[in-house]
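Reproduced below: protein_37.txt, with compact mmCIF, C-alpha atoms.
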```
# COMPACT_ATOMS: atom_id res chain seq x y z
CA MET J 293 16.97 -29.39 -44.97
CA GLN J 294 15.07 -32.25 -43.31
CA SER J 295 16.97 -31.53 -40.08
CA PHE J 296 15.91 -27.87 -40.30
CA TRP J 297 12.23 -28.76 -40.74
CA LEU J 298 12.36 -31.27 -37.89
CA SER J 299 13.91 -28.63 -35.60
CA SER J 300 11.28 -26.10 -36.63
CA LEU J 301 8.52 -28.61 -35.99
CA ARG J 302 9.87 -29.43 -32.53
CA TRP J 303 10.25 -25.72 -31.74
CA GLY J 304 6.66 -25.07 -32.84
CA ARG J 305 5.34 -27.95 -30.76
CA SER J 306 7.36 -26.76 -27.76
CA ARG J 307 5.88 -23.25 -28.04
CA LEU J 308 2.37 -24.67 -28.41
CA ALA J 309 2.85 -26.84 -25.31
CA ALA J 310 4.19 -23.87 -23.35
CA LYS J 311 1.17 -21.78 -24.32
CA GLN J 312 -1.16 -24.62 -23.34
CA ARG J 313 0.53 -24.93 -19.94
CA SER J 314 0.24 -21.17 -19.48
CA ARG J 315 -3.50 -21.30 -20.28
CA GLU J 316 -4.04 -24.22 -17.89
CA ASP J 317 -2.07 -22.44 -15.15
CA HIS J 318 -4.13 -19.30 -15.70
CA MET J 319 -7.35 -21.30 -15.39
CA THR J 320 -6.32 -22.98 -12.11
CA LYS J 321 -5.12 -19.82 -10.38
CA GLN J 322 -7.43 -17.92 -8.06
CA ARG J 323 -9.32 -15.09 -9.76
CA ILE J 324 -8.24 -11.81 -8.16
CA GLY J 325 -10.18 -8.56 -7.91
CA PHE J 326 -8.40 -5.34 -7.03
CA ILE J 327 -10.09 -2.16 -5.79
CA GLY J 328 -7.92 0.94 -5.34
CA VAL J 329 -5.21 1.12 -7.99
CA GLY J 330 -3.65 4.35 -6.72
CA LEU J 331 -0.05 5.08 -5.71
CA MET J 332 0.40 1.72 -3.96
CA GLY J 333 -2.33 -0.33 -5.61
CA HIS J 334 -1.15 0.18 -9.18
CA GLY J 335 2.19 -1.52 -8.56
CA MET J 336 0.62 -4.26 -6.45
CA ALA J 337 -1.96 -5.08 -9.12
CA LYS J 338 0.71 -4.96 -11.82
CA ASN J 339 2.68 -7.67 -10.02
CA ILE J 340 -0.42 -9.84 -9.57
CA VAL J 341 -1.34 -9.81 -13.26
CA GLU J 342 2.27 -10.33 -14.30
CA LYS J 343 2.40 -13.46 -12.10
CA GLY J 344 -0.36 -14.92 -14.25
CA TYR J 345 -3.41 -14.39 -12.05
CA PRO J 346 -6.69 -13.49 -13.77
CA LEU J 347 -7.22 -9.93 -12.55
CA THR J 348 -10.29 -7.68 -12.48
CA VAL J 349 -9.87 -4.02 -11.52
CA MET J 350 -12.46 -1.38 -10.75
CA ALA J 351 -12.89 1.70 -12.88
CA ASN J 352 -11.33 4.83 -11.41
CA ARG J 353 -11.40 8.56 -12.10
CA ASN J 354 -7.66 8.35 -12.70
CA ARG J 355 -7.69 6.34 -15.91
CA GLU J 356 -3.94 5.91 -16.36
CA PRO J 357 -3.36 3.02 -13.88
CA VAL J 358 -6.52 1.20 -15.01
CA GLU J 359 -5.61 1.47 -18.68
CA ASP J 360 -2.06 0.30 -17.95
CA LEU J 361 -3.35 -2.77 -16.10
CA VAL J 362 -5.84 -3.59 -18.86
CA LYS J 363 -2.97 -3.48 -21.38
CA ARG J 364 -1.13 -5.97 -19.16
CA GLY J 365 -4.08 -8.38 -19.25
CA ALA J 366 -6.50 -7.22 -16.55
CA THR J 367 -10.26 -6.84 -17.04
CA GLU J 368 -12.06 -3.65 -16.02
CA ALA J 369 -15.28 -3.71 -13.98
CA ARG J 370 -17.67 -0.81 -13.40
CA ASN J 371 -18.06 -1.21 -9.64
CA ALA J 372 -17.09 -3.26 -6.58
CA ARG J 373 -20.05 -5.61 -6.99
CA GLU J 374 -18.85 -6.60 -10.47
CA VAL J 375 -15.31 -7.07 -9.14
CA ALA J 376 -16.56 -9.41 -6.40
CA ALA J 377 -18.76 -11.37 -8.80
CA ALA J 378 -15.73 -12.08 -11.02
CA SER J 379 -13.30 -12.97 -8.21
CA ASP J 380 -12.31 -15.58 -5.66
CA VAL J 381 -10.18 -13.04 -3.78
CA VAL J 382 -10.83 -9.30 -3.60
CA ILE J 383 -8.01 -6.99 -2.51
CA ILE J 384 -8.92 -3.53 -1.21
CA CYS J 385 -6.30 -0.78 -1.13
CA VAL J 386 -8.04 2.53 -0.45
CA THR J 387 -7.43 5.57 1.74
CA GLY J 388 -8.99 4.59 5.05
CA ALA J 389 -11.90 3.20 7.07
CA PRO J 390 -14.76 5.23 5.48
CA GLN J 391 -13.63 4.18 2.01
CA VAL J 392 -13.32 0.51 3.07
CA GLU J 393 -16.83 0.62 4.52
CA ALA J 394 -18.17 2.12 1.28
CA VAL J 395 -16.41 -0.45 -0.91
CA VAL J 396 -17.81 -3.36 1.11
CA ASN J 397 -21.26 -2.18 2.19
CA GLY J 398 -22.08 0.69 -0.16
CA PRO J 399 -24.41 0.57 -3.16
CA ASP J 400 -22.97 -1.93 -5.65
CA GLY J 401 -20.39 -2.89 -3.02
CA VAL J 402 -18.53 -6.16 -2.59
CA ARG J 403 -21.16 -7.47 -0.18
CA ALA J 404 -23.84 -7.26 -2.88
CA ALA J 405 -22.08 -10.06 -4.78
CA ALA J 406 -20.72 -11.93 -1.75
CA LYS J 407 -20.68 -15.70 -2.17
CA PRO J 408 -19.42 -18.56 0.02
CA GLY J 409 -15.68 -18.99 -0.34
CA LEU J 410 -14.93 -15.37 -1.22
CA THR J 411 -11.92 -13.91 0.59
CA ILE J 412 -11.49 -10.16 1.06
CA ILE J 413 -8.01 -8.84 1.88
CA ASP J 414 -7.95 -5.26 3.14
CA CYS J 415 -4.53 -3.71 2.45
CA SER J 416 -5.72 -0.20 3.37
CA THR J 417 -4.69 1.54 6.56
CA SER J 418 -8.02 1.14 8.31
CA GLU J 419 -9.34 1.04 11.87
CA PRO J 420 -9.17 -2.35 13.63
CA THR J 421 -12.68 -1.93 15.05
CA LEU J 422 -14.10 -1.73 11.51
CA THR J 423 -11.97 -4.68 10.39
CA ARG J 424 -13.29 -6.92 13.15
CA ARG J 425 -16.88 -5.76 12.58
CA LEU J 426 -16.75 -6.48 8.86
CA ALA J 427 -15.24 -9.91 9.52
CA GLU J 428 -18.09 -10.72 11.91
CA GLU J 429 -20.78 -9.44 9.53
CA LEU J 430 -19.44 -11.31 6.51
CA ALA J 431 -18.69 -14.64 8.20
CA PRO J 432 -22.34 -15.87 8.10
CA LEU J 433 -22.24 -15.34 4.32
CA GLY J 434 -19.25 -17.66 4.02
CA VAL J 435 -16.94 -14.71 3.28
CA THR J 436 -13.53 -14.39 4.96
CA PHE J 437 -12.26 -10.89 5.74
CA LEU J 438 -8.51 -10.51 6.37
CA ASP J 439 -6.31 -7.48 6.99
CA ALA J 440 -2.94 -7.12 5.30
CA PRO J 441 -1.79 -3.49 5.50
CA LEU J 442 1.47 -2.37 3.94
CA SER J 443 4.74 -0.71 4.79
CA ARG J 444 7.29 0.96 2.50
CA THR J 445 6.54 3.07 -0.58
CA PRO J 446 5.07 2.96 -4.12
CA LYS J 447 8.57 2.16 -5.40
CA GLU J 448 8.59 -1.12 -3.46
CA ALA J 449 4.98 -1.75 -4.48
CA TRP J 450 6.06 -1.59 -8.13
CA GLU J 451 9.05 -3.85 -7.43
CA GLY J 452 6.97 -6.38 -5.45
CA LYS J 453 8.97 -5.77 -2.27
CA LEU J 454 6.45 -4.38 0.20
CA ASP J 455 6.39 -5.33 3.87
CA VAL J 456 2.98 -6.80 4.71
CA MET J 457 1.60 -7.34 8.22
CA THR J 458 -1.30 -9.78 8.19
CA GLY J 459 -4.20 -10.42 10.56
CA GLY J 460 -6.42 -13.49 10.45
CA ALA J 461 -6.48 -17.24 11.00
CA GLU J 462 -3.36 -19.03 9.77
CA ALA J 463 -5.36 -21.41 7.55
CA ASP J 464 -7.17 -18.52 5.86
CA LEU J 465 -3.94 -16.65 5.27
CA ALA J 466 -2.26 -19.77 3.90
CA ARG J 467 -4.87 -19.94 1.12
CA VAL J 468 -3.94 -16.47 -0.12
CA HIS J 469 -0.24 -16.46 0.75
CA ASP J 470 0.91 -16.77 -2.85
CA VAL J 471 -1.32 -13.88 -3.91
CA ILE J 472 0.11 -11.58 -1.23
CA ALA J 473 3.61 -12.77 -2.11
CA CYS J 474 3.16 -11.28 -5.60
CA PHE J 475 3.70 -7.80 -4.14
CA ALA J 476 5.46 -8.58 -0.84
CA GLY J 477 9.12 -8.91 -0.01
CA ARG J 478 8.28 -9.76 3.60
CA ILE J 479 5.06 -11.09 5.14
CA VAL J 480 4.61 -11.10 8.93
CA HIS J 481 1.56 -12.68 10.57
CA VAL J 482 0.93 -10.55 13.67
CA GLY J 483 -2.26 -12.08 15.08
CA PRO J 484 -6.01 -12.54 14.56
CA THR J 485 -8.21 -10.41 12.31
CA GLY J 486 -7.65 -6.74 13.14
CA ALA J 487 -4.11 -7.27 14.40
CA GLY J 488 -2.65 -6.31 11.03
CA HIS J 489 -4.36 -2.93 11.11
CA THR J 490 -3.41 -2.45 14.76
CA MET J 491 0.24 -3.07 13.91
CA LYS J 492 0.07 -0.81 10.86
CA ILE J 493 -1.23 2.10 12.95
CA VAL J 494 1.49 1.52 15.56
CA ASN J 495 4.08 1.29 12.78
CA ASN J 496 2.90 4.59 11.30
CA PHE J 497 2.87 6.21 14.73
CA VAL J 498 6.57 5.36 15.03
CA SER J 499 7.44 6.54 11.50
CA MET J 500 5.35 9.73 11.62
CA GLY J 501 6.81 10.38 15.09
CA TYR J 502 10.23 10.31 13.48
CA ALA J 503 9.01 12.67 10.75
CA ALA J 504 7.81 15.22 13.33
CA LEU J 505 11.03 14.80 15.31
CA TYR J 506 13.24 15.28 12.24
CA ALA J 507 11.27 18.36 11.15
CA GLU J 508 11.50 20.00 14.57
CA ALA J 509 15.19 19.11 14.98
CA LEU J 510 15.99 20.63 11.58
CA ALA J 511 14.31 23.90 12.57
CA VAL J 512 16.08 24.04 15.95
CA ALA J 513 19.45 23.24 14.35
CA LYS J 514 19.07 25.82 11.57
CA ALA J 515 17.93 28.53 14.00
CA ASN J 516 21.16 27.90 15.90
CA GLY J 517 23.52 27.96 12.94
CA VAL J 518 23.63 24.28 11.90
CA ALA J 519 22.51 23.66 8.31
CA PRO J 520 20.56 20.54 7.22
CA LYS J 521 23.59 19.17 5.33
CA ALA J 522 25.72 19.36 8.45
CA MET J 523 23.03 17.68 10.53
CA ASN J 524 22.73 14.94 7.91
CA ALA J 525 26.51 14.44 7.83
CA VAL J 526 26.42 13.62 11.55
CA LEU J 527 23.28 11.43 11.62
CA SER J 528 23.54 9.58 8.29
CA GLY J 529 25.39 6.30 8.74
CA GLY J 530 25.28 6.60 12.54
CA ARG J 531 23.19 4.82 15.14
CA MET J 532 20.15 7.03 14.44
CA ASP J 533 20.11 6.20 10.72
CA CYS J 534 17.38 4.03 9.18
CA GLY J 535 15.51 3.59 5.90
CA PHE J 536 12.86 6.15 6.84
CA TYR J 537 15.57 8.65 7.77
CA GLN J 538 17.17 8.20 4.35
CA THR J 539 13.97 8.85 2.38
CA PHE J 540 13.07 11.83 4.59
CA PHE J 541 16.48 13.44 4.18
CA LYS J 542 16.63 12.63 0.47
CA TYR J 543 13.96 15.29 0.17
CA VAL J 544 15.55 17.66 2.73
CA ILE J 545 19.01 17.54 1.13
CA GLU J 546 18.32 16.73 -2.53
CA ARG J 547 14.76 18.19 -2.75
CA ASP J 548 13.54 14.94 -4.30
CA GLU J 549 9.78 15.35 -3.93
CA ASN J 550 9.15 11.70 -4.76
CA ALA J 551 11.52 10.31 -2.14
CA HIS J 552 8.62 9.29 0.12
CA ARG J 553 5.23 9.55 -1.56
CA PHE J 554 2.91 9.50 1.45
CA THR J 555 0.77 12.57 1.98
CA LEU J 556 0.52 14.75 5.08
CA ALA J 557 -3.26 14.22 4.97
CA ASN J 558 -2.82 10.46 5.13
CA ALA J 559 -0.34 10.84 7.98
CA HIS J 560 -2.86 12.98 9.88
CA LYS J 561 -5.56 10.36 9.26
CA ASP J 562 -3.35 7.58 10.62
CA MET J 563 -2.51 9.58 13.72
CA ARG J 564 -6.24 10.12 14.33
CA TYR J 565 -6.69 6.35 14.11
CA CYS J 566 -3.86 5.93 16.61
CA ALA J 567 -5.55 8.34 19.03
CA ASN J 568 -8.88 6.53 18.61
CA MET J 569 -7.25 3.17 19.23
CA ALA J 570 -5.44 4.39 22.35
CA GLN J 571 -8.59 6.00 23.72
CA ALA J 572 -10.66 2.85 23.15
CA ALA J 573 -8.07 0.84 25.08
CA GLY J 574 -7.78 3.42 27.88
CA ILE J 575 -4.15 4.19 27.03
CA ALA J 576 -2.70 7.69 27.52
CA ASN J 577 -0.79 8.77 24.41
CA PRO J 578 0.43 12.36 24.81
CA MET J 579 3.29 11.73 22.38
CA GLY J 580 0.84 10.49 19.75
CA ASN J 581 -1.30 13.59 20.12
CA ALA J 582 1.73 15.85 19.77
CA VAL J 583 2.68 14.09 16.53
CA LYS J 584 -0.93 14.22 15.31
CA ASN J 585 -1.07 17.98 15.86
CA TYR J 586 1.93 18.61 13.61
CA PHE J 587 0.12 16.94 10.72
CA ALA J 588 -3.21 18.53 11.67
CA MET J 589 -1.67 22.00 11.43
CA ALA J 590 -0.04 21.22 8.08
CA GLU J 591 -3.30 19.95 6.62
CA ALA J 592 -5.33 22.82 8.10
CA GLN J 593 -3.10 25.25 6.20
CA GLY J 594 -3.87 23.58 2.88
CA ASN J 595 -0.80 21.37 2.63
CA GLY J 596 -2.43 17.96 3.02
CA GLY J 597 -1.47 16.94 -0.51
CA LYS J 598 2.23 17.42 0.13
CA TYR J 599 4.39 14.44 1.05
CA VAL J 600 5.61 13.65 4.57
CA PRO J 601 9.23 14.87 4.25
CA MET J 602 7.85 18.27 3.26
CA LEU J 603 6.69 18.66 6.86
CA SER J 604 10.25 19.91 7.43
CA ASP J 605 9.54 23.00 5.31
CA GLU J 606 6.26 23.68 7.11
CA VAL J 607 7.74 23.44 10.61
CA ALA J 608 10.65 25.65 9.54
CA ARG J 609 8.23 28.22 8.09
CA TRP J 610 6.11 28.27 11.27
CA ASN J 611 9.29 29.11 13.16
CA GLY J 612 10.56 31.76 10.75
CA VAL J 613 13.42 29.56 9.52
CA ASN J 614 14.43 28.81 5.91
CA LEU J 615 16.16 25.44 5.52
CA LEU J 616 17.40 26.37 2.04
CA ASP J 617 19.46 29.43 3.07
```
Write the structure described by the file as structure tokens, please.
Amino acid sequence: MQSFWLSSLRWGRSRLAAKQRSREDHMTKQRIGFIGVGLMGHGMAKNIVEKGYPLTVMANRNREPVEDLVKRGATEARNAREVAAASDVVIICVTGAPQVEAVVNGPDGVRAAAKPGLTIIDCSTSEPTLTRRLAEELAPLGVTFLDAPLSRTPKEAWEGKLDVMTGGAEADLARVHDVIACFAGRIVHVGPTGAGHTMKIVNNFVSMGYAALYAEALAVAKANGVAPKAMNAVLSGGRMDCGFYQTFFKYVIERDENAHRFTLANAHKDMRYCANMAQAAGIANPMGNAVKNYFAMAEAQGNGGKYVPMLSDEVARWNGVNLLD
């Protein structure tokens, strides 16, 4: 009996010590704010709070992700200013440049609570010109602005396996490396501030170029008697196969609407950013404009909320072809 009580006492002390260590670890970790808990942001924020970081998230019209994160230990704030006031690091993951500008400089924005030592990490797909401007404007306040846009899908965001391309000084990125690693499977430093967003736009140009190419090829093949399954049987596993191909054709063949959850409207926005970037640099990009126009037409016809692989249905329809026959 005495042995039992001694074991129980040791077990209780061990649990108490573990809880104390957990509390101390929580207190020493950087306080993280997260703005934009949508398709990608929800999973990213989930991984941050589960790694033991104190997390503050901003209220959103879509209550489900916010309420889930609060249940996991996050604190909810009413606006970006409150998020910044409670944080050492603020992560932004919103739709694009106008939304980033509003989050930082708008009424009750991050800038309103900016304090020396604050680091802002923009994981949105934004325009490099805005990224560099914000970094310059915030530097005199002692605030560091970094870009860390993402590649892959909400599935990898939830699993903590996103590809992240970072822009900024190495020392600044080193301070937040462990935070980014919460949701990243691979982190690549591509250059100074703004380089991350430049690389993200180029990356999306390549992937959305493939999407337009696949969609057009499917329509041409079907119009000439070759069904999507036959086309997939030739390309899948061959030299033209890749991860993006697999998610695109998972929708085409299996009709899995969640295979690649990135909207046509977002694709169109990114291709506009690509055109702007090329024009600012004096680079001719006729291929980029051709790709952009595919997504522009899809969005103009009210299909902006559909996901990228569904471009195949739109291109087929424009050409009087039915991929399902």
Exercise for review: Give the answer as one residue: which of J:Val482, J:Val613, J:Ile472, J:Met589 has the shortest atom-to-atom distance to Ala509 of chain J, using all atoms listed in the file?
Suggested key: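 Among the listed residues, J:Val613 lies closest to Ala509 of chain J.
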Review point. Counting all atoms listed in the file, what is within 10 Å of segment 596-611 of chain J, bar same-chain residues fewer than 5 positions away, as a VMD selection string?
Key: chain J and resid 500 503 to 512 514 to 515 536 to 537 539 to 544 547 to 560 586 to 591 616
Selection above as a file: C-alpha atoms, as an mmCIF file, in the frame of the given file:
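Once everything was written out, this is selection.cif:
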```
data_model
loop_
_atom_site.group_PDB
_atom_site.id
_atom_site.type_symbol
_atom_site.label_atom_id
_atom_site.label_comp_id
_atom_site.auth_asym_id
_atom_site.auth_seq_id
_atom_site.Cartn_x
_atom_site.Cartn_y
_atom_site.Cartn_z
ATOM 1 C CA MET J 500 5.350 9.730 11.620
ATOM 2 C CA ALA J 503 9.010 12.670 10.750
ATOM 3 C CA ALA J 504 7.810 15.220 13.330
ATOM 4 C CA LEU J 505 11.030 14.800 15.310
ATOM 5 C CA TYR J 506 13.240 15.280 12.240
ATOM 6 C CA ALA J 507 11.270 18.360 11.150
ATOM 7 C CA GLU J 508 11.500 20.000 14.570
ATOM 8 C CA ALA J 509 15.190 19.110 14.980
ATOM 9 C CA LEU J 510 15.990 20.630 11.580
ATOM 10 C CA ALA J 511 14.310 23.900 12.570
ATOM 11 C CA VAL J 512 16.080 24.040 15.950
ATOM 12 C CA LYS J 514 19.070 25.820 11.570
ATOM 13 C CA ALA J 515 17.930 28.530 14.000
ATOM 14 C CA PHE J 536 12.860 6.150 6.840
ATOM 15 C CA TYR J 537 15.570 8.650 7.770
ATOM 16 C CA THR J 539 13.970 8.850 2.380
ATOM 17 C CA PHE J 540 13.070 11.830 4.590
ATOM 18 C CA PHE J 541 16.480 13.440 4.180
ATOM 19 C CA LYS J 542 16.630 12.630 0.470
ATOM 20 C CA TYR J 543 13.960 15.290 0.170
ATOM 21 C CA VAL J 544 15.550 17.660 2.730
ATOM 22 C CA ARG J 547 14.760 18.190 -2.750
ATOM 23 C CA ASP J 548 13.540 14.940 -4.300
ATOM 24 C CA GLU J 549 9.780 15.350 -3.930
ATOM 25 C CA ASN J 550 9.150 11.700 -4.760
ATOM 26 C CA ALA J 551 11.520 10.310 -2.140
ATOM 27 C CA HIS J 552 8.620 9.290 0.120
ATOM 28 C CA ARG J 553 5.230 9.550 -1.560
ATOM 29 C CA PHE J 554 2.910 9.500 1.450
ATOM 30 C CA THR J 555 0.770 12.570 1.980
ATOM 31 C CA LEU J 556 0.520 14.750 5.080
ATOM 32 C CA ALA J 557 -3.260 14.220 4.970
ATOM 33 C CA ASN J 558 -2.820 10.460 5.130
ATOM 34 C CA ALA J 559 -0.340 10.840 7.980
ATOM 35 C CA HIS J 560 -2.860 12.980 9.880
ATOM 36 C CA TYR J 586 1.930 18.610 13.610
ATOM 37 C CA PHE J 587 0.120 16.940 10.720
ATOM 38 C CA ALA J 588 -3.210 18.530 11.670
ATOM 39 C CA MET J 589 -1.670 22.000 11.430
ATOM 40 C CA ALA J 590 -0.040 21.220 8.080
ATOM 41 C CA GLU J 591 -3.300 19.950 6.620
ATOM 42 C CA LEU J 616 17.400 26.370 2.040
#
```
Practice item. Measure the distance from atom CA of Glu462 of chain J to atom CA of Gly488 of chain J in Å and round it to one decimal. Key: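 Interatomic distance here is 12.8 Å.
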Exercise for review: Between atom CA of Thr417 of chain J and atom CA of Ala389 of chain J, measure the distance and give it in Å to one decimal.
Suggested key: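 That distance, rounded to one decimal, is 7.4 Å.
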Practice item. Have a look at atom CA of Phe475 of chain J and atom CA of Val386 of chain J and let me know their distance in Å, one decimal. Key: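 One can read the atom CA of Phe475 of chain J to atom CA of Val386 of chain J distance as 16.1 Å.
Among J:Leu347, J:Ala337, J:Arg564, J:Asn614, the residue with the shortest atom-to-atom distance to Val518 of chain J, counting all atoms listed in the file, is J:Asn614.
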Could you put an axis-aligned box around every listed atom of segment 331-340 of chain J, padded by 3 Å on each side, and send me its centre and edge lengths in Å to one decimal, as AutoDock Vina command-line options?
```
--center_x 0.2 --center_y -2.4 --center_z -7.9 --size_x 11.0 --size_y 20.9 --size_z 13.9
```
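Restricting the calculation to all atoms listed in the file, the smallest distance between Phe326 of chain J and any of J:Glu393, J:Asp360, J:Glu429, J:Asp414 is found for J:Asp414.
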Check your understanding: Counting all atoms listed in the file, what is within 12 Å of Ala404 of chain J, bar same-chain residues fewer than 2 positions away, as a list of chain:residue names?
Key -> J:Asn371, J:Ala372, J:Arg373, J:Glu374, J:Val375, J:Ala376, J:Ala377, J:Ala394, J:Val395, J:Val396, J:Asn397, J:Gly398, J:Pro399, J:Asp400, J:Gly401, J:Val402, J:Ala406, J:Lys407, J:Leu430, J:Leu433, J:Val435
Exercise for review: Return the single residue from J:Pro420, J:Asp470, J:Pro346, J:Leu361 that is closest to Ala572 of chain J, with distances computed using only C-alpha atoms.
Suggested key: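 Smallest separation from Ala572 of chain J among the options: J:Pro420.
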Which segment 353-458 of chain J residues have any atom within 12 Å of an atom of segment 521-535 of chain J, and for each, what is the nearest pair of atoms with distance in Å to one decimal, counting all atoms listed in the file, rows sorted by chain and number, as a tab-separated table?
```
residue	atom	partner	partner_atom	distance
J:Ser443	CA	J:Gly535	CA	11.6
J:Arg444	CA	J:Gly535	CA	9.3
J:Thr445	CA	J:Gly535	CA	11.1
```
Output file for the selection above: C-alpha atoms, as a PDB file, in the frame of the given file:
```pdb
ATOM      1  CA  SER J 443       4.740  -0.710   4.790  1.00  0.00           C
ATOM      2  CA  ARG J 444       7.290   0.960   2.500  1.00  0.00           C
ATOM      3  CA  THR J 445       6.540   3.070  -0.580  1.00  0.00           C
TER       4      THR J 445
END
```
